[in-house]
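File shown here: run_36.pdb, holding PDB, C-alpha atoms.
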ATOM      1  CA  MET A 396       3.802  16.132  10.176
ATOM      2  CA  ASN A 397       6.301  14.967  12.750
ATOM      3  CA  ASN A 398       9.692  16.636  13.104
ATOM      4  CA  ASP A 399      11.503  14.146  10.841
ATOM      5  CA  TYR A 400       9.270  14.959   7.903
ATOM      6  CA  GLN A 401       9.166  18.688   8.681
ATOM      7  CA  ARG A 402      12.933  18.797   8.219
ATOM      8  CA  ALA A 403      12.862  16.773   5.001
ATOM      9  CA  ARG A 404      14.107  18.657   1.977
ATOM     10  CA  TYR A 405      13.323  16.030  -0.636
ATOM     11  CA  VAL A 406      10.237  13.970  -1.381
ATOM     12  CA  ASN A 407       9.856  10.439  -0.022
ATOM     13  CA  PRO A 408       9.923   8.141  -3.100
ATOM     14  CA  TYR A 409       8.109   5.398  -1.179
ATOM     15  CA  THR A 410       4.929   7.470  -1.160
ATOM     16  CA  ASP A 411       2.562   7.140  -4.117
ATOM     17  CA  PHE A 412       2.905  10.846  -4.882
ATOM     18  CA  GLY A 413       6.694  10.856  -4.634
ATOM     19  CA  PHE A 414       7.196   7.779  -6.771
ATOM     20  CA  LYS A 415       4.842   8.902  -9.517
ATOM     21  CA  LYS A 416       6.222  12.444  -9.550
ATOM     22  CA  LEU A 417       9.769  11.191 -10.065
ATOM     23  CA  PHE A 418       9.058   8.280 -12.407
ATOM     24  CA  GLY A 419       5.509   8.577 -13.684
ATOM     25  CA  THR A 420       5.365  11.968 -15.387
ATOM     26  CA  GLU A 421       6.297  12.940 -18.919
ATOM     27  CA  MET A 422       8.457  15.828 -17.737
ATOM     28  CA  ASN A 423      10.608  13.446 -15.675
ATOM     29  CA  LYS A 424      10.743  10.607 -18.202
ATOM     30  CA  GLU A 425      14.515  11.004 -18.408
ATOM     31  CA  LEU A 426      14.763   9.835 -14.790
ATOM     32  CA  LEU A 427      12.840   6.639 -15.484
ATOM     33  CA  ILE A 428      14.895   5.875 -18.598
ATOM     34  CA  SER A 429      18.134   6.338 -16.663
ATOM     35  CA  PHE A 430      16.952   4.133 -13.787
ATOM     36  CA  ILE A 431      15.773   1.322 -16.104
ATOM     37  CA  ASN A 432      18.981   1.400 -18.152
ATOM     38  CA  SER A 433      21.028   1.167 -14.957
ATOM     39  CA  LEU A 434      19.075  -2.000 -14.117
ATOM     40  CA  PHE A 435      19.669  -3.525 -17.548
ATOM     41  CA  ASN A 436      23.394  -2.713 -17.319
ATOM     42  CA  GLY A 437      23.930  -2.745 -21.084
ATOM     43  CA  LYS A 438      21.924  -5.916 -21.839
ATOM     44  CA  GLU A 439      19.133  -3.651 -23.096
ATOM     45  CA  VAL A 440      19.261   0.079 -23.818
ATOM     46  CA  VAL A 441      16.038   2.060 -23.631
ATOM     47  CA  LYS A 442      16.155   5.135 -25.860
ATOM     48  CA  ASP A 443      12.613   6.365 -25.326
ATOM     49  CA  LEU A 444       9.479   5.488 -23.349
ATOM     50  CA  THR A 445       5.784   6.069 -23.850
ATOM     51  CA  TYR A 446       3.607   6.131 -20.748
ATOM     52  CA  LEU A 447       0.580   3.854 -20.928
ATOM     53  CA  ASN A 448      -2.695   3.713 -19.015
ATOM     54  CA  THR A 449      -2.003   2.392 -15.517
ATOM     55  CA  GLU A 450      -5.516   1.025 -14.935
ATOM     56  CA  HIS A 451      -6.325  -2.283 -16.576
ATOM     57  CA  LEU A 452      -9.564  -4.243 -16.632
ATOM     58  CA  GLY A 453      -9.963  -7.970 -17.155
ATOM     59  CA  ALA A 454     -11.425  -9.492 -20.286
ATOM     60  CA  ARG A 455     -14.907  -9.517 -18.727
ATOM     61  CA  GLU A 456     -16.766  -6.846 -16.804
ATOM     62  CA  LEU A 457     -16.636  -8.780 -13.525
ATOM     63  CA  ASP A 458     -12.938  -9.620 -13.774
ATOM     64  CA  ARG A 459     -10.631  -8.066 -11.211
ATOM     65  CA  LYS A 460      -8.786  -4.963 -12.400
ATOM     66  CA  ALA A 461      -5.152  -4.043 -11.860
ATOM     67  CA  VAL A 462      -3.762  -0.572 -11.194
ATOM     68  CA  PHE A 463      -0.042  -0.201 -11.862
ATOM     69  CA  ASP A 464       2.260   2.448 -10.384
ATOM     70  CA  VAL A 465       4.084   3.139 -13.649
ATOM     71  CA  TYR A 466       3.425   1.363 -16.947
ATOM     72  CA  CYS A 467       5.265   2.201 -20.144
ATOM     73  CA  GLU A 468       6.477   0.947 -23.497
ATOM     74  CA  ASN A 469       9.914   1.409 -25.046
ATOM     75  CA  GLU A 470      10.697   2.211 -28.657
ATOM     76  CA  LYS A 471      10.675  -1.523 -29.537
ATOM     77  CA  GLY A 472       7.175  -2.025 -28.190
ATOM     78  CA  GLU A 473       8.366  -3.903 -25.092
ATOM     79  CA  LYS A 474       6.248  -3.376 -21.972
ATOM     80  CA  ILE A 475       7.796  -2.239 -18.698
ATOM     81  CA  LEU A 476       5.843  -2.262 -15.448
ATOM     82  CA  VAL A 477       7.456  -0.553 -12.447
ATOM     83  CA  GLU A 478       5.984  -1.023  -8.967
ATOM     84  CA  MET A 479       6.969   0.473  -5.618
ATOM     85  CA  GLN A 480       5.951  -2.023  -2.914
ATOM     86  CA  LYS A 481       5.771  -0.410   0.520
ATOM     87  CA  ALA A 482       4.818  -3.407   2.667
ATOM     88  CA  GLU A 483       5.166  -7.168   2.514
ATOM     89  CA  GLN A 484       2.254  -9.252   1.307
ATOM     90  CA  GLN A 485       1.886 -12.991   1.800
ATOM     91  CA  PHE A 486       1.096 -13.595  -1.879
ATOM     92  CA  PHE A 487       3.386 -10.924  -3.299
ATOM     93  CA  LYS A 488       4.876 -13.228  -5.953
ATOM     94  CA  ASP A 489       1.409 -14.354  -7.047
ATOM     95  CA  ARG A 490       0.312 -10.723  -7.336
ATOM     96  CA  SER A 491       3.402  -9.876  -9.357
ATOM     97  CA  LEU A 492       2.740 -12.728 -11.790
ATOM     98  CA  TYR A 493      -0.933 -11.765 -12.038
ATOM     99  CA  TYR A 494       0.004  -8.190 -12.945
ATOM    100  CA  ALA A 495       2.326  -9.502 -15.665
ATOM    101  CA  THR A 496      -0.602 -11.185 -17.418
ATOM    102  CA  PHE A 497      -2.144  -7.828 -18.383
ATOM    103  CA  PRO A 498       0.683  -6.536 -20.619
ATOM    104  CA  ILE A 499       0.904 -10.047 -22.095
ATOM    105  CA  ARG A 500      -2.800 -10.458 -22.880
ATOM    106  CA  GLU A 501      -3.256  -6.970 -24.294
ATOM    107  CA  GLN A 502      -0.822  -7.837 -27.105
ATOM    108  CA  ALA A 503      -3.356 -10.256 -28.593
ATOM    109  CA  GLU A 504      -4.406  -9.167 -32.071
ATOM    110  CA  ARG A 505      -7.812  -9.575 -33.657
ATOM    111  CA  GLY A 506      -8.113 -11.982 -36.562
ATOM    112  CA  ASP A 507      -5.117 -14.015 -37.677
ATOM    113  CA  TRP A 508      -2.289 -13.848 -35.160
ATOM    114  CA  ASP A 509       0.815 -16.011 -34.733
ATOM    115  CA  TYR A 510       1.123 -15.403 -30.943
ATOM    116  CA  SER A 511       4.360 -13.464 -31.325
ATOM    117  CA  LEU A 512       4.893 -11.354 -28.189
ATOM    118  CA  LYS A 513       7.040  -8.392 -27.247
ATOM    119  CA  ALA A 514       9.097  -8.681 -24.085
ATOM    120  CA  VAL A 515       7.521  -7.821 -20.736
ATOM    121  CA  TYR A 516       9.540  -6.569 -17.744
ATOM    122  CA  VAL A 517       8.127  -6.345 -14.226
ATOM    123  CA  ILE A 518      10.317  -4.259 -11.915
ATOM    124  CA  GLY A 519       9.553  -4.310  -8.198
ATOM    125  CA  ILE A 520      11.232  -1.845  -5.825
ATOM    126  CA  LEU A 521      10.564  -3.466  -2.456
ATOM    127  CA  ASN A 522      10.642  -1.763   0.926
ATOM    128  CA  PHE A 523      10.884  -5.210   2.560
ATOM    129  CA  ASN A 524      12.821  -8.460   2.152
ATOM    130  CA  ILE A 525      11.601 -11.498   0.246
ATOM    131  CA  ASP A 526      14.708 -13.626   0.841
ATOM    132  CA  ASP A 527      15.967 -13.665   4.419
ATOM    133  CA  ASP A 528      18.257 -16.646   3.806
ATOM    134  CA  ASN A 529      20.703 -14.616   1.709
ATOM    135  CA  GLY A 530      21.531 -11.520   3.685
ATOM    136  CA  SER A 531      23.407  -9.499   1.072
ATOM    137  CA  TYR A 532      21.614 -10.767  -2.054
ATOM    138  CA  PHE A 533      19.134  -8.032  -2.944
ATOM    139  CA  HIS A 534      19.009  -7.879  -6.764
ATOM    140  CA  HIS A 535      16.824 -10.678  -8.127
ATOM    141  CA  GLU A 536      16.389 -11.207 -11.876
ATOM    142  CA  VAL A 537      13.927 -14.008 -12.575
ATOM    143  CA  GLN A 538      13.119 -15.746 -15.865
ATOM    144  CA  LEU A 539      11.663 -19.106 -16.912
ATOM    145  CA  THR A 540      14.494 -21.633 -16.955
ATOM    146  CA  ASP A 541      14.941 -25.314 -17.727
ATOM    147  CA  GLN A 542      15.495 -27.080 -14.402
ATOM    148  CA  ARG A 543      17.942 -29.579 -15.864
ATOM    149  CA  THR A 544      20.094 -27.382 -18.055
ATOM    150  CA  GLN A 545      19.602 -24.166 -16.040
ATOM    151  CA  GLU A 546      19.327 -22.350 -19.358
ATOM    152  CA  VAL A 547      16.746 -19.648 -19.959
ATOM    153  CA  PHE A 548      13.695 -21.264 -21.543
ATOM    154  CA  TYR A 549      11.851 -18.010 -22.313
ATOM    155  CA  ASP A 550      13.588 -14.640 -22.304
ATOM    156  CA  LYS A 551      10.624 -12.370 -23.010
ATOM    157  CA  LEU A 552       9.268 -12.358 -19.454
ATOM    158  CA  THR A 553      11.573 -10.948 -16.788
ATOM    159  CA  PHE A 554      10.885 -10.099 -13.157
ATOM    160  CA  ILE A 555      13.377  -7.821 -11.419
ATOM    161  CA  TYR A 556      13.066  -7.379  -7.642
ATOM    162  CA  LEU A 557      15.157  -4.990  -5.558
ATOM    163  CA  GLU A 558      15.133  -5.579  -1.781
ATOM    164  CA  MET A 559      15.917  -2.030  -0.704
ATOM    165  CA  PRO A 560      16.431  -2.681   3.051
ATOM    166  CA  LYS A 561      19.449  -4.846   2.146
ATOM    167  CA  PHE A 562      21.201  -2.075   0.222
ATOM    168  CA  ASN A 563      23.365  -0.302   2.792
ATOM    169  CA  LYS A 564      26.291   1.097   0.834
ATOM    170  CA  THR A 565      27.575   4.508   1.807
ATOM    171  CA  GLU A 566      28.172   7.346  -0.649
ATOM    172  CA  GLU A 567      31.896   6.550  -0.725
ATOM    173  CA  GLU A 568      31.247   2.908  -1.656
ATOM    174  CA  LEU A 569      29.000   3.542  -4.662
ATOM    175  CA  ASP A 570      30.111   1.946  -7.927
ATOM    176  CA  GLY A 571      28.257   2.754 -11.144
ATOM    177  CA  MET A 572      24.854   4.189 -11.994
ATOM    178  CA  PHE A 573      22.872   1.235 -10.673
ATOM    179  CA  GLU A 574      24.222   1.622  -7.149
ATOM    180  CA  LYS A 575      23.834   5.399  -7.335
ATOM    181  CA  TRP A 576      20.154   4.998  -8.194
ATOM    182  CA  LEU A 577      19.642   2.561  -5.322
ATOM    183  CA  PHE A 578      21.367   4.966  -2.951
ATOM    184  CA  VAL A 579      19.037   7.765  -4.040
ATOM    185  CA  LEU A 580      15.892   5.657  -3.621
ATOM    186  CA  ARG A 581      17.054   4.368  -0.236
ATOM    187  CA  ASN A 582      18.100   7.733   1.204
ATOM    188  CA  LEU A 583      16.429  10.564  -0.718
ATOM    189  CA  SER A 584      13.994  11.698   1.979
ATOM    190  CA  ARG A 585      16.821  11.765   4.557
ATOM    191  CA  LEU A 586      19.252  13.837   2.506
ATOM    192  CA  LEU A 587      19.691  17.526   3.239
ATOM    193  CA  GLU A 588      21.846  18.210   0.185
ATOM    194  CA  ARG A 589      22.945  16.545  -3.019
ATOM    195  CA  PRO A 590      25.791  14.043  -2.390
ATOM    196  CA  GLN A 591      29.086  14.709  -4.145
ATOM    197  CA  ALA A 592      29.031  11.216  -5.687
ATOM    198  CA  LEU A 593      25.882  12.035  -7.659
ATOM    199  CA  GLN A 594      27.156  14.605 -10.142
ATOM    200  CA  GLU A 595      25.604  13.178 -13.308
ATOM    201  CA  ARG A 596      23.162  15.495 -15.111
ATOM    202  CA  VAL A 597      20.242  13.140 -14.547
ATOM    203  CA  PHE A 598      20.644  13.536 -10.782
ATOM    204  CA  THR A 599      20.604  17.318 -11.160
ATOM    205  CA  LYS A 600      17.152  16.904 -12.669
ATOM    206  CA  LEU A 601      16.107  14.425  -9.990
ATOM    207  CA  PHE A 602      17.040  16.635  -7.038
ATOM    208  CA  GLU A 603      15.306  19.605  -8.648
ATOM    209  CA  ALA A 604      12.120  17.561  -9.152
ATOM    210  CA  ALA A 605      12.296  16.093  -5.642
ATOM    211  CA  GLU A 606      12.739  19.361  -3.714
ATOM    212  CA  ILE A 607       9.610  19.869  -1.654
ATOM    213  CA  ALA A 608      10.062  23.647  -1.436
ATOM    214  CA  LYS A 609       9.544  23.864  -5.212
ATOM    215  CA  PHE A 610       6.170  22.105  -5.141
ATOM    216  CA  THR A 611       3.076  24.054  -6.047
ATOM    217  CA  LYS A 612       0.420  24.423  -3.363
ATOM    218  CA  THR A 613      -1.610  21.635  -4.995
ATOM    219  CA  GLU A 614       1.417  19.352  -5.225
ATOM    220  CA  TYR A 615       2.351  20.010  -1.610
ATOM    221  CA  GLU A 616      -1.139  19.191  -0.367
ATOM    222  CA  ALA A 617      -1.215  16.010  -2.461
ATOM    223  CA  TYR A 618       2.182  15.006  -1.082
ATOM    224  CA  GLU A 619       1.105  15.665   2.500
ATOM    225  CA  GLU A 620      -1.904  13.407   2.021
ATOM    226  CA  SER A 621       0.195  10.704   0.346
ATOM    227  CA  LEU A 622       2.761  10.892   3.132
ATOM    228  CA  LYS A 623       0.031  10.535   5.749
ATOM    229  CA  VAL A 624      -1.344   7.442   3.995
ATOM    230  CA  TYR A 625       2.154   5.950   3.812
ATOM    231  CA  ARG A 626       2.875   6.554   7.494
ATOM    232  CA  ASP A 627      -0.576   5.361   8.581
ATOM    233  CA  TRP A 628      -0.177   2.161   6.579
ATOM    234  CA  GLN A 629       3.254   1.477   8.091
ATOM    235  CA  ASN A 630       1.999   2.150  11.611
ATOM    236  CA  THR A 631      -1.177   0.110  11.108
ATOM    237  CA  ILE A 632       0.669  -2.985   9.957
ATOM    238  CA  ARG A 633       3.398  -2.640  12.598
ATOM    239  CA  THR A 634       0.917  -2.131  15.438
ATOM    240  CA  ALA A 635      -1.347  -4.995  14.379
ATOM    241  CA  ILE A 636       1.532  -7.436  13.996
ATOM    242  CA  ASN A 637       3.200  -6.495  17.286
ATOM    243  CA  LYS A 638      -0.065  -6.728  19.193
ATOM    244  CA  GLY A 639      -0.976 -10.014  17.551
ATOM    245  CA  LEU A 640       2.417 -11.529  18.258
ATOM    246  CA  ALA A 641       2.314 -10.545  21.917
ATOM    247  CA  GLU A 642      -1.240 -11.702  22.565
ATOM    248  CA  GLY A 643      -0.958 -14.825  20.446
ATOM    249  CA  ARG A 644       2.249 -16.029  22.080
ATOM    250  CA  GLU A 645       0.873 -15.391  25.543
ATOM    251  CA  LYS A 646      -2.309 -17.344  24.894
ATOM    252  CA  GLY A 647      -0.568 -20.117  22.958
ATOM    253  CA  LEU A 648       2.105 -20.671  25.590
ATOM    254  CA  ALA A 649      -0.474 -20.693  28.380
ATOM    255  CA  GLU A 650      -2.497 -23.389  26.624
ATOM    256  CA  GLY A 651       0.674 -25.336  25.836
ATOM    257  CA  LEU A 652       1.861 -25.384  29.419
ATOM    258  CA  ALA A 653      -1.538 -26.571  30.577
ATOM    259  CA  GLU A 654      -1.431 -29.525  28.170
ATOM    260  CA  GLY A 655       2.030 -30.703  29.148
ATOM    261  CA  LEU A 656       5.589 -29.509  28.889
ATOM    262  CA  GLU A 657       6.957 -31.018  25.675
ATOM    263  CA  LYS A 658       3.909 -31.835  23.557
ATOM    264  CA  GLY A 659       1.897 -29.069  25.107
ATOM    265  CA  LEU A 660       4.489 -26.436  24.286
ATOM    266  CA  GLU A 661       4.691 -27.559  20.680
ATOM    267  CA  LYS A 662       0.926 -27.633  20.345
ATOM    268  CA  GLY A 663       0.559 -24.380  22.222
ATOM    269  CA  LEU A 664       3.018 -22.606  19.977
ATOM    270  CA  GLU A 665       1.064 -23.777  16.957
ATOM    271  CA  LYS A 666      -2.153 -22.533  18.524
ATOM    272  CA  GLY A 667      -0.358 -19.326  19.333
ATOM    273  CA  LYS A 668       0.596 -18.816  15.699
ATOM    274  CA  ASN A 669      -3.004 -19.334  14.631
ATOM    275  CA  GLU A 670      -4.220 -17.034  17.362
ATOM    276  CA  GLU A 671      -1.688 -14.413  16.268
ATOM    277  CA  LYS A 672      -3.132 -14.464  12.776
ATOM    278  CA  ARG A 673      -6.688 -14.078  14.070
ATOM    279  CA  ILE A 674      -5.749 -11.239  16.409
ATOM    280  CA  ILE A 675      -3.803  -9.445  13.681
ATOM    281  CA  ALA A 676      -6.740  -9.882  11.313
ATOM    282  CA  ARG A 677      -9.187  -8.637  13.943
ATOM    283  CA  ASN A 678      -7.052  -5.538  14.519
ATOM    284  CA  LEU A 679      -6.734  -4.840  10.807
ATOM    285  CA  LYS A 680     -10.466  -5.340  10.368
ATOM    286  CA  ALA A 681     -11.185  -2.857  13.126
ATOM    287  CA  LEU A 682      -8.907  -0.350  11.390
ATOM    288  CA  GLY A 683     -10.992  -0.573   8.232
ATOM    289  CA  LEU A 684      -8.761  -2.628   5.924
ATOM    290  CA  THR A 685     -10.514  -4.689   3.263
ATOM    291  CA  SER A 686     -10.886  -8.456   3.431
ATOM    292  CA  GLU A 687      -8.450  -8.792   0.532
ATOM    293  CA  GLN A 688      -5.792  -6.728   2.299
ATOM    294  CA  ILE A 689      -6.253  -8.739   5.496
ATOM    295  CA  GLN A 690      -5.954 -12.017   3.558
ATOM    296  CA  ALA A 691      -2.696 -10.811   2.029
ATOM    297  CA  ALA A 692      -1.285  -9.820   5.435
ATOM    298  CA  THR A 693      -2.352 -12.907   7.439
ATOM    299  CA  GLY A 694      -3.044 -15.778   5.071
ATOM    300  CA  LEU A 695      -6.500 -16.354   6.575
ATOM    301  CA  SER A 696      -9.366 -17.204   4.260
ATOM    302  CA  ALA A 697     -12.172 -14.766   3.518
ATOM    303  CA  ARG A 698     -14.566 -16.946   5.522
ATOM    304  CA  GLU A 699     -12.265 -16.962   8.564
ATOM    305  CA  ILE A 700     -12.027 -13.177   8.382
ATOM    306  CA  ASP A 701     -15.818 -12.793   8.057
ATOM    307  CA  LEU A 702     -16.315 -14.864  11.218
ATOM    308  CA  LEU A 703     -14.061 -12.652  13.339
TER     309      LEU A 703
END
Could you express the structure from this file as structure tokens?
Amino acid sequence: MNNDYQRARYVNPYTDFGFKKLFGTEMNKELLISFINSLFNGKEVVKDLTYLNTEHLGARELDRKAVFDVYCENEKGEKILVEMQKAEQQFFKDRSLYYATFPIREQAERGDWDYSLKAVYVIGILNFNIDDDNGSYFHHEVQLTDQRTQEVFYDKLTFIYLEMPKFNKTEEELDGMFEKWLFVLRNLSRLLERPQALQERVFTKLFEAAEIAKFTKTEYEAYEESLKVYRDWQNTIRTAINKGLAEGREKGLAEGLAEGLEKGLEKGLEKGKNEEKRIIARNLKALGLTSEQIQAATGLSAREIDLL
């Protein structure tokens, strides 16, 4: 590992291992309950959770499957899906809605059934921004609403998205459990000791579970591998995008200038954008990413990617 991670005392929650260790294990269920209740802020109170199978198949053998990070059910039978999203995807909202269909469809009962459903919550902890137009607005709670009345039309399907890069409060500015949880998720791997503001018992348990020095040999090796995957993914996407932007702009501007100053520049920039996408896709393809991952990152069709 590099020096930053060698000095880390606590696990990185943005890694698959770190997130599932803190929120996806029976022994740390108290942490997940506390985090979810801080999100609900009294509107709902979860008393207990049961972890469910995170791998879900479609209705038919050839249907696409979904693998959730954490999937659970509260004492009222309501389904809660919690996802840690490390990198932006072009069709992130579509993917989120698609994942929500699984806990909805699996409630169908054989024989006579009146279509009554338990509530479904999809919680996305995002390590990227989905709304750049509102700089400080990071906590999105989305439900089906009537466009005219602006009243909630259906309250049993709720999407909660947290844009973590926008949360920049310091320890001294934290107000309430919700902000304390966001602070922990945002800064855990950079902390060298437990902050004074986080004195609640649940955070005692969290910092004990997150301390890398207390991992077993097997846990440490699994974390190292998960951390490597996380860093490689971040570097792969960053490198491909930067290279594509540079090469695409250069080629697009050159073509634009050759075609004429005003119209040529406009046309060249458009060509440059398309060329950027192709170059990014070509780089990602060379690095071994799947066609589906490349489509999500660039917006190109599967056929366009196959022809590269």
Considering all atoms listed in the file, state which residue in the set A:Gln480, A:Thr613, A:Asn407, A:Thr565 is at the smallest distance from Gln591 of chain A. A:Thr565
Let me make sure I understand: among A:Asn423, A:Ile700, A:Lys561, A:Ile428, which one has the smallest atom-to-atom distance to Asn529 of chain A if we use all atoms listed in the file?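 Using all atoms listed in the file, Asn529 of chain A sits closest to A:Lys561.
Proximity to Glu588 of chain A was assessed for A:Asn522, A:Gly472, A:Phe602, A:Trp576 counting only C-alpha atoms; the smallest distance is recorded for A:Phe602.
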Which residues fall under the PyMOL selection byres ((chain A and resi 499) around 12) in this file, as a PDB file with C-alpha atoms, in the frame of the given file?
ATOM      1  CA  HIS A 451      -6.325  -2.283 -16.576  1.00  0.00           C
ATOM      2  CA  GLY A 472       7.175  -2.025 -28.190  1.00  0.00           C
ATOM      3  CA  GLU A 473       8.366  -3.903 -25.092  1.00  0.00           C
ATOM      4  CA  LYS A 474       6.248  -3.376 -21.972  1.00  0.00           C
ATOM      5  CA  ILE A 475       7.796  -2.239 -18.698  1.00  0.00           C
ATOM      6  CA  LEU A 476       5.843  -2.262 -15.448  1.00  0.00           C
ATOM      7  CA  LEU A 492       2.740 -12.728 -11.790  1.00  0.00           C
ATOM      8  CA  TYR A 493      -0.933 -11.765 -12.038  1.00  0.00           C
ATOM      9  CA  TYR A 494       0.004  -8.190 -12.945  1.00  0.00           C
ATOM     10  CA  ALA A 495       2.326  -9.502 -15.665  1.00  0.00           C
ATOM     11  CA  THR A 496      -0.602 -11.185 -17.418  1.00  0.00           C
ATOM     12  CA  PHE A 497      -2.144  -7.828 -18.383  1.00  0.00           C
ATOM     13  CA  PRO A 498       0.683  -6.536 -20.619  1.00  0.00           C
ATOM     14  CA  ARG A 500      -2.800 -10.458 -22.880  1.00  0.00           C
ATOM     15  CA  GLU A 501      -3.256  -6.970 -24.294  1.00  0.00           C
ATOM     16  CA  GLN A 502      -0.822  -7.837 -27.105  1.00  0.00           C
ATOM     17  CA  ALA A 503      -3.356 -10.256 -28.593  1.00  0.00           C
ATOM     18  CA  GLU A 504      -4.406  -9.167 -32.071  1.00  0.00           C
ATOM     19  CA  TYR A 510       1.123 -15.403 -30.943  1.00  0.00           C
ATOM     20  CA  SER A 511       4.360 -13.464 -31.325  1.00  0.00           C
ATOM     21  CA  LEU A 512       4.893 -11.354 -28.189  1.00  0.00           C
ATOM     22  CA  LYS A 513       7.040  -8.392 -27.247  1.00  0.00           C
ATOM     23  CA  ALA A 514       9.097  -8.681 -24.085  1.00  0.00           C
ATOM     24  CA  VAL A 515       7.521  -7.821 -20.736  1.00  0.00           C
ATOM     25  CA  TYR A 516       9.540  -6.569 -17.744  1.00  0.00           C
ATOM     26  CA  VAL A 517       8.127  -6.345 -14.226  1.00  0.00           C
ATOM     27  CA  LYS A 551      10.624 -12.370 -23.010  1.00  0.00           C
ATOM     28  CA  LEU A 552       9.268 -12.358 -19.454  1.00  0.00           C
ATOM     29  CA  THR A 553      11.573 -10.948 -16.788  1.00  0.00           C
TER      30      THR A 553
END
Non-local contacts of Ala605 of chain A (10 Å; all atoms listed in the file; under 5 positions in same chain excluded) as a list in words: Arg404, Tyr405, Val406, Asn407, Pro408, Gly413, Phe414, Lys416, Leu417, Leu583, Ser584, Lys600 and Phe610 of chain A
Shortest interatomic distance to Asp411 of chain A - which of A:Gln484, A:Ser621, A:Asn563, A:Gln545, counting all atoms listed in the file: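 Among the listed residues, the smallest separation from Asp411 of chain A belongs to A:Ser621.
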Counting all atoms listed in the file, which residues have an atom no more than 10 Å from (16.1, -6.4, -5.8) in the file's coordinates? Please list them as a PyMOL selection string. chain A and resi 434+518-526+532-536+554-562+577
Take segment 614-628 of chain A, bring it up to N, CA and C atoms, and give me the output as an mmCIF file, keeping the file's coordinate frame.
data_model
loop_
_atom_site.group_PDB
_atom_site.id
_atom_site.type_symbol
_atom_site.label_atom_id
_atom_site.label_comp_id
_atom_site.auth_asym_id
_atom_site.auth_seq_id
_atom_site.Cartn_x
_atom_site.Cartn_y
_atom_site.Cartn_z
ATOM 1 N N GLU A 614 0.493 20.481 -5.349
ATOM 2 C CA GLU A 614 1.417 19.352 -5.225
ATOM 3 C C GLU A 614 1.760 19.100 -3.758
ATOM 4 N N TYR A 615 1.993 20.179 -3.017
ATOM 5 C CA TYR A 615 2.351 20.010 -1.610
ATOM 6 C C TYR A 615 1.226 19.364 -0.816
ATOM 7 N N GLU A 616 0.004 19.774 -1.067
ATOM 8 C CA GLU A 616 -1.139 19.191 -0.367
ATOM 9 C C GLU A 616 -1.313 17.725 -0.735
ATOM 10 N N ALA A 617 -1.113 17.406 -2.017
ATOM 11 C CA ALA A 617 -1.215 16.010 -2.461
ATOM 12 C C ALA A 617 -0.115 15.164 -1.828
ATOM 13 N N TYR A 618 1.080 15.741 -1.703
ATOM 14 C CA TYR A 618 2.182 15.006 -1.082
ATOM 15 C C TYR A 618 1.925 14.781 0.407
ATOM 16 N N GLU A 619 1.422 15.807 1.076
ATOM 17 C CA GLU A 619 1.105 15.665 2.500
ATOM 18 C C GLU A 619 0.109 14.527 2.735
ATOM 19 N N GLU A 620 -0.899 14.454 1.893
ATOM 20 C CA GLU A 620 -1.904 13.407 2.021
ATOM 21 C C GLU A 620 -1.293 12.040 1.728
ATOM 22 N N SER A 621 -0.465 11.955 0.699
ATOM 23 C CA SER A 621 0.195 10.704 0.346
ATOM 24 C C SER A 621 1.144 10.255 1.445
ATOM 25 N N LEU A 622 1.838 11.200 2.040
ATOM 26 C CA LEU A 622 2.761 10.892 3.132
ATOM 27 C C LEU A 622 2.003 10.379 4.350
ATOM 28 N N LYS A 623 0.856 10.984 4.629
ATOM 29 C CA LYS A 623 0.031 10.535 5.749
ATOM 30 C C LYS A 623 -0.448 9.097 5.530
ATOM 31 N N VAL A 624 -0.890 8.808 4.314
ATOM 32 C CA VAL A 624 -1.344 7.442 3.995
ATOM 33 C C VAL A 624 -0.192 6.455 4.170
ATOM 34 N N TYR A 625 0.984 6.819 3.702
ATOM 35 C CA TYR A 625 2.154 5.950 3.812
ATOM 36 C C TYR A 625 2.491 5.678 5.276
ATOM 37 N N ARG A 626 2.532 6.725 6.079
ATOM 38 C CA ARG A 626 2.875 6.554 7.494
ATOM 39 C C ARG A 626 1.791 5.785 8.240
ATOM 40 N N ASP A 627 0.523 6.075 7.932
ATOM 41 C CA ASP A 627 -0.576 5.361 8.581
ATOM 42 C C ASP A 627 -0.538 3.876 8.251
ATOM 43 N N TRP A 628 -0.251 3.558 6.991
ATOM 44 C CA TRP A 628 -0.177 2.161 6.579
ATOM 45 C C TRP A 628 0.949 1.443 7.315
#
